[in-house]
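> You'll find protein24.tsv just under this line, and it carries TSV, C-alpha atoms.
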chain	number	residue	atom	x	y	z
A	1231	MET	CA	-42.92	11.20	-2.08
A	1232	ASP	CA	-44.91	8.81	-4.20
A	1233	TRP	CA	-42.38	7.01	-6.41
A	1234	VAL	CA	-45.09	5.55	-8.65
A	1235	LEU	CA	-45.95	9.02	-9.95
A	1236	HIS	CA	-42.34	10.19	-10.18
A	1237	GLN	CA	-41.03	10.63	-13.71
A	1238	PRO	CA	-37.37	11.63	-13.96
A	1239	GLU	CA	-36.57	14.50	-16.28
A	1240	LEU	CA	-33.38	12.86	-17.50
A	1241	ARG	CA	-33.65	9.34	-18.89
A	1242	PHE	CA	-30.75	6.91	-18.76
A	1243	ASP	CA	-29.57	5.90	-22.21
A	1244	ILE	CA	-27.57	2.69	-22.08
A	1245	ARG	CA	-26.44	3.00	-25.74
A	1246	ALA	CA	-25.02	6.49	-25.19
A	1247	GLU	CA	-23.25	5.31	-22.02
A	1248	ARG	CA	-21.74	2.33	-23.83
A	1249	ALA	CA	-20.59	4.54	-26.73
A	1250	GLU	CA	-18.93	6.92	-24.26
A	1251	TYR	CA	-17.11	4.08	-22.49
A	1252	GLU	CA	-15.93	2.59	-25.80
A	1253	ARG	CA	-14.64	5.99	-26.90
A	1254	LEU	CA	-12.73	6.35	-23.62
A	1255	PHE	CA	-11.42	2.80	-23.91
A	1256	ARG	CA	-9.98	3.49	-27.36
A	1257	HIS	CA	-8.46	6.82	-26.30
A	1258	SER	CA	-4.69	7.13	-26.82
A	1259	ALA	CA	-4.00	8.18	-23.23
A	1260	ARG	CA	-5.30	4.79	-22.10
A	1261	VAL	CA	-2.18	3.17	-23.58
A	1262	LEU	CA	-0.05	5.22	-21.20
A	1263	GLN	CA	-2.28	4.31	-18.25
A	1264	ASP	CA	-2.03	0.61	-19.11
A	1265	ARG	CA	1.74	0.86	-19.40
A	1266	LEU	CA	1.94	2.60	-16.01
A	1267	ALA	CA	-0.26	-0.04	-14.41
A	1268	ARG	CA	1.85	-2.81	-15.93
A	1269	LEU	CA	5.13	-1.27	-14.79
A	1270	GLY	CA	3.90	-0.81	-11.25
A	1271	GLY	CA	3.14	2.87	-11.10
A	1272	GLY	CA	6.19	4.58	-12.52
A	1273	ASP	CA	9.96	4.61	-12.74
A	1274	ARG	CA	11.49	2.58	-9.92
A	1275	THR	CA	15.09	3.25	-10.93
A	1276	LYS	CA	15.05	6.86	-9.74
A	1277	GLU	CA	16.09	7.22	-6.10
A	1278	ILE	CA	14.12	9.60	-3.95
A	1279	PRO	CA	16.52	12.05	-2.29
A	1280	ILE	CA	16.70	11.74	1.51
A	1281	ALA	CA	18.22	14.37	3.79
A	1282	ASP	CA	21.47	13.49	5.58
A	1283	TRP	CA	19.93	13.71	9.05
A	1284	GLU	CA	17.17	11.33	7.96
A	1285	LYS	CA	19.71	8.81	6.60
A	1286	LEU	CA	21.54	8.94	9.92
A	1287	TYR	CA	18.27	8.56	11.83
A	1288	GLN	CA	17.27	5.55	9.71
A	1289	LYS	CA	20.65	3.90	10.31
A	1290	GLU	CA	20.29	4.41	14.06
A	1291	ILE	CA	16.78	2.96	14.01
A	1292	GLN	CA	17.96	-0.03	11.99
A	1293	ALA	CA	20.80	-0.66	14.47
A	1294	ARG	CA	18.38	-0.34	17.39
A	1295	ARG	CA	15.94	-2.75	15.73
A	1296	LEU	CA	18.73	-5.25	15.03
A	1297	LEU	CA	19.87	-5.05	18.66
A	1298	TYR	CA	16.30	-5.61	19.85
A	1299	GLN	CA	15.89	-8.63	17.55
A	1300	ALA	CA	19.18	-10.10	18.78
A	1301	ARG	CA	18.05	-9.60	22.38
A	1302	VAL	CA	14.71	-11.28	21.69
A	1303	LEU	CA	16.34	-14.20	19.92
A	1304	SER	CA	18.92	-14.72	22.65
A	1305	TRP	CA	16.27	-14.65	25.40
A	1306	GLY	CA	15.83	-18.44	25.13
A	1307	ARG	CA	19.49	-18.93	26.06
A	1308	GLU	CA	19.28	-16.42	28.92
A	1309	LYS	CA	16.12	-18.04	30.25
A	1310	ARG	CA	18.08	-21.13	31.30
A	1311	TYR	CA	20.17	-19.03	33.67
A	1312	TYR	CA	17.24	-16.99	35.01
A	1313	PHE	CA	15.16	-20.06	35.81
A	1314	ALA	CA	17.97	-22.52	36.57
A	1315	HIS	CA	16.76	-22.94	40.18
A	1316	LYS	CA	13.37	-24.23	38.98
A	1317	GLN	CA	13.17	-27.88	38.04
A	1318	SER	CA	10.31	-28.75	35.70
How does this structure look as structure tokens?


Amino acid sequence: MDWVLHQPELRFDIRAERAEYERLFRHSARVLQDRLARLGGGDRTKEIPIADWEKLYQKEIQARRLLYQARVLSWGREKRYYFAHKQS
């Protein structure tokens, strides 16, 4: 297509676009959006209900993770006994 000859049917009007954006900016619902954005997206005081089996599962996972971290952190102490025969 030859873009030199192309004439769009709909012309872009920057003044109309700016007027539309200013109207939206002054809209009353924008106050609520700004307040939500400032407060971090909603009410953080309300707890989301979790099923009992999921609470139990999360506790088990947390205990397993804690045990794994303790094992990883204590590996430095165990290493002395594993490699005691090697002198560096």

> Report the distance between CA of Leu1266 (chain A) and CA of Leu1254 (chain A) in Å, rounded to one decimal place.

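Between CA of Leu1266 (chain A) and CA of Leu1254 (chain A) the gap works out to 16.9 Å.
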
> Can you work out the spacing between CA of Ala1259 (chain A) and CA of Ile1244 (chain A) in Å, to one decimal?

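Between CA of Ala1259 (chain A) and CA of Ile1244 (chain A) the gap works out to 24.2 Å.
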
> May I ask for the distance between CA of Arg1241 (chain A) and CA of Phe1255 (chain A), given in Å to one decimal place?

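A separation of 23.7 Å between them.
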